>>> print(open('upload-v6.cif').read())   # mmCIF, C-alpha atoms and all ligand atoms
data_structure
#
loop_
_atom_site.label_atom_id
_atom_site.label_comp_id
_atom_site.auth_asym_id
_atom_site.auth_seq_id
_atom_site.Cartn_x
_atom_site.Cartn_y
_atom_site.Cartn_z
CA MET A 5 2.62 -0.68 2.01
CA LEU A 6 0.45 -3.73 2.07
CA TRP A 7 -2.86 -1.95 2.63
CA GLU A 8 -2.18 0.46 -0.25
CA ASP A 9 -1.30 -2.33 -2.64
CA PHE A 10 -4.40 -4.19 -1.56
CA ILE A 11 -6.77 -1.27 -1.92
CA ASN A 12 -5.34 -0.50 -5.36
CA SER A 13 -5.80 -4.07 -6.52
CA TYR A 14 -8.91 -2.84 -8.28
CA TRP A 15 -7.40 -1.20 -11.34
CA ARG A 16 -9.33 1.40 -13.30
CA ASP A 17 -8.55 2.58 -16.80
CA TRP A 18 -7.37 6.03 -15.76
CA ARG A 19 -6.82 7.21 -19.35
CA THR A 20 -10.29 6.64 -20.73
CA GLY A 21 -12.46 5.87 -17.72
CA ASN A 22 -13.85 2.94 -19.69
CA LYS A 23 -15.28 0.55 -17.09
CA ASN A 24 -14.93 -2.41 -19.45
CA ASN A 25 -11.19 -2.14 -19.09
CA ASP A 26 -11.26 -2.30 -15.28
CA ARG A 27 -9.23 -5.17 -13.90
CA ASP A 28 -9.49 -6.83 -10.55
CA LYS A 29 -6.00 -7.99 -9.65
CA LEU A 30 -7.35 -10.06 -6.77
CA GLU A 31 -8.44 -12.43 -9.53
CA ASP A 32 -4.98 -12.46 -11.09
CA PRO A 33 -2.95 -15.36 -9.63
CA GLU A 34 0.38 -13.88 -10.72
CA TRP A 35 -0.31 -10.57 -9.03
CA LEU A 36 -1.41 -12.38 -5.88
CA THR A 37 1.66 -14.59 -5.74
CA LYS A 38 3.97 -11.60 -6.11
CA ARG A 39 2.24 -9.67 -3.35
CA LEU A 40 2.18 -12.61 -0.95
CA LYS A 41 5.90 -12.99 -1.45
CA LYS A 42 6.62 -9.29 -1.17
CA TYR A 43 4.86 -9.06 2.20
CA ALA A 44 6.11 -12.41 3.52
CA LEU A 45 2.62 -13.84 3.82
CA LEU A 46 2.47 -17.59 4.06
CA GLU A 47 -0.58 -18.30 1.94
CA THR A 48 0.14 -20.38 -1.14
CA GLU A 49 -3.30 -21.31 -2.43
CA ARG A 50 -5.50 -19.08 -4.56
CA PRO A 51 -8.56 -17.76 -2.73
CA ASN A 52 -11.71 -19.75 -3.39
CA ALA A 53 -14.97 -18.00 -4.25
CA THR A 54 -15.94 -17.37 -0.61
CA GLU A 55 -12.48 -16.11 0.31
CA LEU A 56 -12.38 -13.87 -2.73
CA LYS A 57 -15.72 -12.39 -1.70
CA LYS A 58 -14.38 -11.72 1.80
CA LEU A 59 -11.24 -10.11 0.40
CA LYS A 60 -13.35 -7.82 -1.76
CA THR A 61 -15.52 -6.92 1.24
CA LEU A 62 -12.44 -5.91 3.20
CA ARG A 63 -11.16 -3.93 0.24
CA SER A 64 -14.37 -1.94 -0.07
CA LEU A 65 -14.38 -1.35 3.70
CA LEU A 66 -10.88 0.10 3.48
CA TRP A 67 -11.85 2.13 0.46
CA ASP A 68 -14.90 3.57 2.24
CA TRP A 69 -12.76 4.49 5.22
CA VAL A 70 -10.09 6.17 3.15
CA GLN A 71 -12.81 8.08 1.33
CA ALA A 72 -14.35 9.14 4.65
CA ILE A 73 -10.94 10.22 5.98
CA VAL A 74 -10.23 12.18 2.78
CA GLN A 75 -13.59 13.91 3.18
CA GLY A 76 -12.76 14.74 6.79
CA LYS A 77 -15.43 12.52 8.33
CA SER A 78 -14.85 10.72 11.59
CA VAL A 79 -15.26 6.98 11.28
CA TYR A 80 -12.71 5.87 13.84
CA GLY A 81 -15.08 4.11 16.24
CA GLU A 82 -16.52 1.81 13.61
CA MET A 83 -13.12 1.37 12.00
CA LEU A 84 -11.34 0.23 15.14
CA GLU A 85 -14.06 -2.26 15.95
CA GLN A 86 -13.91 -3.79 12.46
CA LEU A 87 -10.12 -3.79 12.27
CA ASN A 88 -9.94 -5.63 15.58
CA ILE A 89 -12.33 -8.28 14.30
CA TYR A 90 -10.10 -8.85 11.27
CA MET A 91 -6.87 -8.80 13.30
CA ASP A 92 -8.23 -11.25 15.88
CA LYS A 93 -8.25 -13.91 13.17
CA GLY A 94 -4.56 -13.65 12.42
CA PRO A 95 -2.31 -14.53 15.36
CA VAL A 96 1.37 -13.57 15.14
CA THR A 97 4.57 -14.74 16.72
CA ARG A 98 7.59 -12.60 17.64
CA ARG A 99 11.01 -13.18 16.19
CA MET A 100 14.27 -11.34 16.48
CA ILE A 101 15.73 -10.57 13.09
CA TRP A 102 19.15 -9.25 12.20
CA LYS A 103 19.22 -6.58 9.57
CA ASN A 104 22.04 -5.82 7.14
CA ASP A 105 23.44 -2.91 9.09
CA ASP A 106 24.20 -4.93 12.23
CA GLN A 107 20.95 -3.98 13.83
CA ALA A 108 18.29 -6.26 15.11
CA GLU A 109 14.59 -5.81 15.38
CA ILE A 110 11.71 -7.82 16.70
CA SER A 111 9.37 -8.79 13.92
CA LEU A 112 5.80 -9.93 14.18
CA LEU A 113 5.41 -12.93 11.92
CA PRO A 114 2.09 -14.41 10.87
CA LEU A 115 1.47 -17.72 12.59
CA ASN A 116 -0.85 -19.28 10.05
CA SER A 117 -1.26 -19.45 6.35
CA GLY A 118 -4.76 -18.94 5.00
CA TRP A 119 -6.69 -15.92 3.81
CA GLU A 120 -8.03 -15.07 7.26
CA GLN A 121 -4.42 -14.53 8.26
CA VAL A 122 -3.71 -12.50 5.14
CA MET A 123 -6.74 -10.30 5.86
CA ALA A 124 -5.55 -9.83 9.44
CA GLU A 125 -2.19 -8.65 8.09
CA ILE A 126 -3.88 -6.24 5.70
CA ALA A 127 -6.03 -4.86 8.53
CA ALA A 128 -2.94 -4.53 10.72
CA SER A 129 -1.08 -2.70 7.97
CA PHE A 130 -3.94 -0.20 7.70
CA ALA A 131 -4.19 0.14 11.49
CA GLU A 132 -0.44 0.85 11.64
CA ALA A 133 -0.76 3.50 8.96
CA LEU A 134 -3.53 5.18 10.98
CA LEU A 135 -1.36 5.23 14.08
CA GLU A 136 2.09 5.90 12.68
CA LYS A 137 1.34 8.01 9.65
CA GLU A 138 -0.84 11.06 9.21
CA PRO A 139 -4.29 10.04 8.00
CA SER A 140 -4.77 13.63 6.82
CA ARG A 141 -2.22 12.76 4.13
CA PHE A 142 -4.26 9.87 2.74
CA ARG A 143 -5.36 10.74 -0.77
CA ILE A 144 -7.52 9.48 -3.58
CA CYS A 145 -6.29 10.52 -7.03
CA GLU A 146 -8.35 13.47 -8.28
CA ASN A 147 -8.64 11.95 -11.73
CA PRO A 148 -12.20 10.60 -11.40
CA ALA A 149 -11.35 7.72 -13.76
CA CYS A 150 -8.39 6.64 -11.64
CA LEU A 151 -9.22 6.87 -7.91
CA TRP A 152 -5.83 5.42 -6.95
CA VAL A 153 -5.21 5.57 -3.20
CA TYR A 154 -1.86 6.92 -2.03
CA TYR A 155 -0.07 8.65 0.78
CA ASP A 156 0.91 12.27 0.20
CA ASP A 157 4.40 12.68 1.60
CA THR A 158 5.13 16.00 -0.10
CA ARG A 159 6.22 18.84 2.17
CA ASN A 160 3.29 21.10 1.37
CA ARG A 161 0.68 18.34 1.21
CA SER A 162 -0.22 19.30 -2.32
CA LYS A 163 -0.11 16.02 -4.22
CA ARG A 164 -3.42 15.84 -6.05
CA TYR A 165 -2.74 12.95 -8.38
CA CYS A 166 -1.29 9.48 -7.99
CA ASP A 167 1.34 10.42 -10.55
CA ASP A 168 1.92 13.91 -11.89
CA LYS A 169 3.31 12.59 -15.16
CA LEU A 170 0.31 10.35 -15.78
CA CYS A 171 -2.97 11.48 -14.19
CA GLY A 172 -1.62 14.96 -13.45
CA ASN A 173 -0.70 15.55 -17.09
CA LEU A 174 -3.90 14.04 -18.40
CA MET A 175 -6.02 16.34 -16.25
CA LYS A 176 -3.91 19.35 -17.20
CA VAL A 177 -4.41 18.63 -20.89
CA ARG A 178 -8.13 18.20 -20.27
CA ARG A 179 -8.39 21.51 -18.42
CA PHE A 180 -6.45 23.18 -21.22
CA ARG A 181 -8.76 21.76 -23.89
CA ALA A 182 -11.87 22.72 -21.94
CA ARG A 183 -10.54 26.28 -21.61
CA LYS A 184 -9.72 26.45 -25.34
CA LYS A 185 -13.17 25.17 -26.18
CA ALA A 186 -14.83 27.69 -23.89
CA GLU A 187 -12.74 30.47 -25.43
CA SER A 188 -13.56 29.53 -29.00
CA GLU A 189 -17.25 29.23 -28.15
CA GLY A 190 -17.13 32.67 -26.60
CA GLU A 191 -15.80 34.24 -29.80
ZN ZN B 1 -4.37 8.66 -10.81
#
>>> encode(input="upload-v6.cif", output="C-alpha cells", more="lines below")
Ligand SMILES: [Zn+2]
Amino acid sequence: MLWEDFINSYWRDWRTGNKNNDRDKLEDPEWLTKRLKKYALLETERPNATELKKLKTLRSLLWDWVQAIVQGKSVYGEMLEQLNIYMDKGPVTRRMIWKNDDQAEISLLPLNSGWEQVMAEIAASFAEALLEKEPSRFRICENPACLWVYYDDTRNRSKRYCDDKLCGNLMKVRRFRARKKAESEGE
C-alpha cells in the first residue's frame, strides 16, 4: 500500500541500530521513480527542497498517528482534519477501467501531477486503510532499531516483527544471549 511504502521510506539499520547507516529513500531518485510508477502517480520531477520538507512533514505525521494507534490512543479528530487538508489539494477524476477477468471498476485517477497531488494520494491511501482495514492491526516492528510499519494480517494478530526471519530472528538470538549471560553471571 502506498501509505506503508511512504512511511517506511525512512530506512533504519535494523541489524545494528547504527544511526549513521539510516537512509532516507525520499532523497533517492530511483526509489521515488519506482514508487511513482507503481502507484500510477503522475509526478515526474524530483521534489525540490520545499517539497521534500513537506513530504517529510507528512511522513512524520503519519508515523505519529500510527504510533498513537498502536498505543491505543485516540487521535481521530485531529487526523481527519489534517487528512482532509491534504486530500483537498489533490483532485481526482473518475474512469471506468476493465480488468483482466472481464470485470470493470471505477477508478479514481489523480487529476494533476505535482507533489501536492502525490501527498493527497498518500493521505487518501492512509484514510482508506483507516476505513477499510482494522487500525488495531497496524503495527510497528518491535525491534527498536527497525521500527518498520506494517499491517498484521495474521489470524491471531500476533505478528510482532516486520519479518520473522529477519527482525524476529535477530531479537530471538538477542534474548537467548541475554539469558545465557544472565545464567553464567548467576553461577
Ligand atoms: Zn523489523
>>> closest_atom_pairs(input="upload-v6.cif", of="chain A", to="ligand ZN 1 (chain B)", cutoff="12 Å", atoms="all atoms listed in the file", output="tab-separated table")
residue	atom	partner	partner_atom	distance
A:Asn12	CA	B:ZN1	ZN	10.7
A:Trp15	CA	B:ZN1	ZN	10.3
A:Arg16	CA	B:ZN1	ZN	9.1
A:Asp17	CA	B:ZN1	ZN	9.5
A:Trp18	CA	B:ZN1	ZN	6.4
A:Arg19	CA	B:ZN1	ZN	9.0
A:Thr20	CA	B:ZN1	ZN	11.7
A:Gly21	CA	B:ZN1	ZN	11.0
A:Arg143	CA	B:ZN1	ZN	10.3
A:Ile144	CA	B:ZN1	ZN	7.9
A:Cys145	CA	B:ZN1	ZN	4.6
A:Glu146	CA	B:ZN1	ZN	6.7
A:Asn147	CA	B:ZN1	ZN	5.5
A:Pro148	CA	B:ZN1	ZN	8.1
A:Ala149	CA	B:ZN1	ZN	7.6
A:Cys150	CA	B:ZN1	ZN	4.6
A:Leu151	CA	B:ZN1	ZN	5.9
A:Trp152	CA	B:ZN1	ZN	5.2
A:Val153	CA	B:ZN1	ZN	8.3
A:Tyr154	CA	B:ZN1	ZN	9.3
A:Lys163	CA	B:ZN1	ZN	10.8
A:Arg164	CA	B:ZN1	ZN	8.7
A:Tyr165	CA	B:ZN1	ZN	5.2
A:Cys166	CA	B:ZN1	ZN	4.3
A:Asp167	CA	B:ZN1	ZN	6.0
A:Asp168	CA	B:ZN1	ZN	8.3
A:Lys169	CA	B:ZN1	ZN	9.7
A:Leu170	CA	B:ZN1	ZN	7.0
A:Cys171	CA	B:ZN1	ZN	4.6
A:Gly172	CA	B:ZN1	ZN	7.4
A:Asn173	CA	B:ZN1	ZN	10.0
A:Leu174	CA	B:ZN1	ZN	9.3
A:Met175	CA	B:ZN1	ZN	9.6
>>> residues_near_point(input="upload-v6.cif", point="(0.0, -12.1, -4.6)", cutoff="12 Å", atoms="only C-alpha atoms", output="ChimeraX atom specification")
/A:6,9-10,13,29-51,119,122
>>> atom_distance(input="upload-v6.cif", atom1="CA of Tyr90 in chain A", atom2="CA of Ala124 in chain A")
5.0 Å
>>> closest_residue(input="upload-v6.cif", among="A:Leu84, A:Ala108, A:Val177, A:Leu135", to="Trp69 in chain A", atoms="all atoms listed in the file")
A:Leu84
>>> atom_distance(input="upload-v6.cif", atom1="CA of Arg63 in chain A", atom2="CA of Gln86 in chain A")
12.5 Å
>>> residues_around(input="upload-v6.cif", residues="range 98-100 of chain A", least_positions_apart="5", cutoff="9 Å", atoms="only C-alpha atoms", output="PyMOL selection string")
chain A and resi 108-114
>>> atom_distance(input="upload-v6.cif", atom1="CA of Gly94 in chain A", atom2="CA of Glu120 in chain A")
6.4 Å
>>> closest_residue(input="upload-v6.cif", among="A:Lys184, A:Arg159, A:Arg27, A:Lys137", to="Met5 in chain A", atoms="only C-alpha atoms")
A:Lys137
>>> residues_near_point(input="upload-v6.cif", point="(-1.6, 0.4, 11.8)", cutoff="12 Å", atoms="all atoms listed in the file", output="list in words")
Met5, Leu6, Trp7, Met83, Leu84, Leu87, Asn88, Met91, Ala124, Glu125, Ile126, Ala127, Ala128, Ser129, Phe130, Ala131, Glu132, Ala133, Leu134, Leu135, Glu136, Lys137, Glu138 and Pro139 of chain A
>>> decode(input="upload-v6.cif", residues="range 142-153 of chain A", atoms="all heavy atoms", output="tab-separated table (two decimals), in the first residue's frame")
chain	number	residue	atom	x	y	z
A	142	PHE	N	-2.60	-2.30	12.82
A	142	PHE	CA	-1.40	-1.55	12.45
A	142	PHE	C	-0.32	-1.91	13.46
A	142	PHE	O	-0.57	-2.02	14.64
A	142	PHE	CB	-1.66	-0.03	12.51
A	142	PHE	CG	-2.57	0.50	11.44
A	142	PHE	CD1	-3.21	-0.34	10.55
A	142	PHE	CD2	-2.78	1.87	11.32
A	142	PHE	CE1	-4.04	0.16	9.56
A	142	PHE	CE2	-3.62	2.37	10.33
A	142	PHE	CZ	-4.25	1.52	9.46
A	143	ARG	N	0.89	-2.07	12.97
A	143	ARG	CA	1.99	-2.44	13.86
A	143	ARG	C	3.24	-1.65	13.54
A	143	ARG	O	3.44	-1.23	12.40
A	143	ARG	CB	2.35	-3.92	13.68
A	143	ARG	CG	1.26	-4.92	13.97
A	143	ARG	CD	1.13	-5.23	15.45
A	143	ARG	NE	0.11	-6.23	15.67
A	143	ARG	CZ	-1.20	-5.96	15.81
A	143	ARG	NH1	-1.63	-4.71	15.76
A	143	ARG	NH2	-2.07	-6.94	16.01
A	144	ILE	N	4.07	-1.52	14.58
A	144	ILE	CA	5.44	-1.03	14.38
A	144	ILE	C	6.34	-2.15	14.86
A	144	ILE	O	6.14	-2.67	15.97
A	144	ILE	CB	5.68	0.26	15.19
A	144	ILE	CG1	4.76	1.38	14.69
A	144	ILE	CG2	7.14	0.68	15.11
A	144	ILE	CD1	4.77	2.63	15.55
A	145	CYS	N	7.30	-2.53	14.02
A	145	CYS	CA	8.19	-3.65	14.36
A	145	CYS	C	8.78	-3.47	15.76
A	145	CYS	O	9.24	-2.39	16.11
A	145	CYS	CB	9.31	-3.76	13.32
A	145	CYS	SG	10.45	-5.11	13.64
A	146	GLU	N	8.75	-4.55	16.55
A	146	GLU	CA	9.21	-4.45	17.94
A	146	GLU	C	10.72	-4.44	18.08
A	146	GLU	O	11.22	-4.30	19.19
A	146	GLU	CB	8.60	-5.59	18.77
A	146	GLU	CG	7.14	-5.35	19.07
A	146	GLU	CD	6.53	-6.38	20.03
A	146	GLU	OE1	7.29	-6.99	20.82
A	146	GLU	OE2	5.30	-6.57	19.97
A	147	ASN	N	11.43	-4.63	16.98
A	147	ASN	CA	12.87	-4.40	17.03
A	147	ASN	C	13.09	-2.88	17.08
A	147	ASN	O	12.80	-2.19	16.12
A	147	ASN	CB	13.53	-5.00	15.78
A	147	ASN	CG	15.00	-4.66	15.67
A	147	ASN	OD1	15.56	-4.01	16.56
A	147	ASN	ND2	15.61	-5.09	14.59
A	148	PRO	N	13.59	-2.37	18.23
A	148	PRO	CA	13.69	-0.92	18.40
A	148	PRO	C	14.60	-0.25	17.36
A	148	PRO	O	14.50	0.96	17.14
A	148	PRO	CB	14.24	-0.74	19.81
A	148	PRO	CG	14.77	-2.07	20.22
A	148	PRO	CD	14.06	-3.10	19.41
A	149	ALA	N	15.48	-1.03	16.72
A	149	ALA	CA	16.36	-0.46	15.70
A	149	ALA	C	15.67	-0.41	14.35
A	149	ALA	O	16.15	0.23	13.43
A	149	ALA	CB	17.64	-1.27	15.59
A	150	CYS	N	14.54	-1.07	14.22
A	150	CYS	CA	13.89	-1.20	12.91
A	150	CYS	C	12.71	-0.26	12.75
A	150	CYS	O	12.70	0.61	11.89
A	150	CYS	CB	13.44	-2.65	12.71
A	150	CYS	SG	12.45	-2.92	11.24
A	151	LEU	N	11.69	-0.44	13.60
A	151	LEU	CA	10.50	0.43	13.60
A	151	LEU	C	9.76	0.47	12.27
A	151	LEU	O	9.12	1.46	11.93
A	151	LEU	CB	10.88	1.87	14.03
A	151	LEU	CG	11.55	2.01	15.39
A	151	LEU	CD1	11.86	3.48	15.67
A	151	LEU	CD2	10.70	1.43	16.51
A	152	TRP	N	9.85	-0.61	11.51
A	152	TRP	CA	9.12	-0.73	10.25
A	152	TRP	C	7.62	-0.78	10.55
A	152	TRP	O	7.18	-1.42	11.49
A	152	TRP	CB	9.56	-2.03	9.56
A	152	TRP	CG	9.11	-2.20	8.16
A	152	TRP	CD1	7.99	-2.86	7.74
A	152	TRP	CD2	9.76	-1.74	6.97
A	152	TRP	NE1	7.91	-2.83	6.36
A	152	TRP	CE2	8.98	-2.14	5.87
A	152	TRP	CE3	10.93	-1.01	6.75
A	152	TRP	CZ2	9.33	-1.85	4.55
A	152	TRP	CZ3	11.28	-0.72	5.44
A	152	TRP	CH2	10.49	-1.13	4.35
A	153	VAL	N	6.84	-0.08	9.74
A	153	VAL	CA	5.39	-0.07	9.92
A	153	VAL	C	4.77	-1.10	8.99
A	153	VAL	O	5.13	-1.18	7.82
A	153	VAL	CB	4.83	1.34	9.63
A	153	VAL	CG1	3.31	1.30	9.57
A	153	VAL	CG2	5.31	2.32	10.69
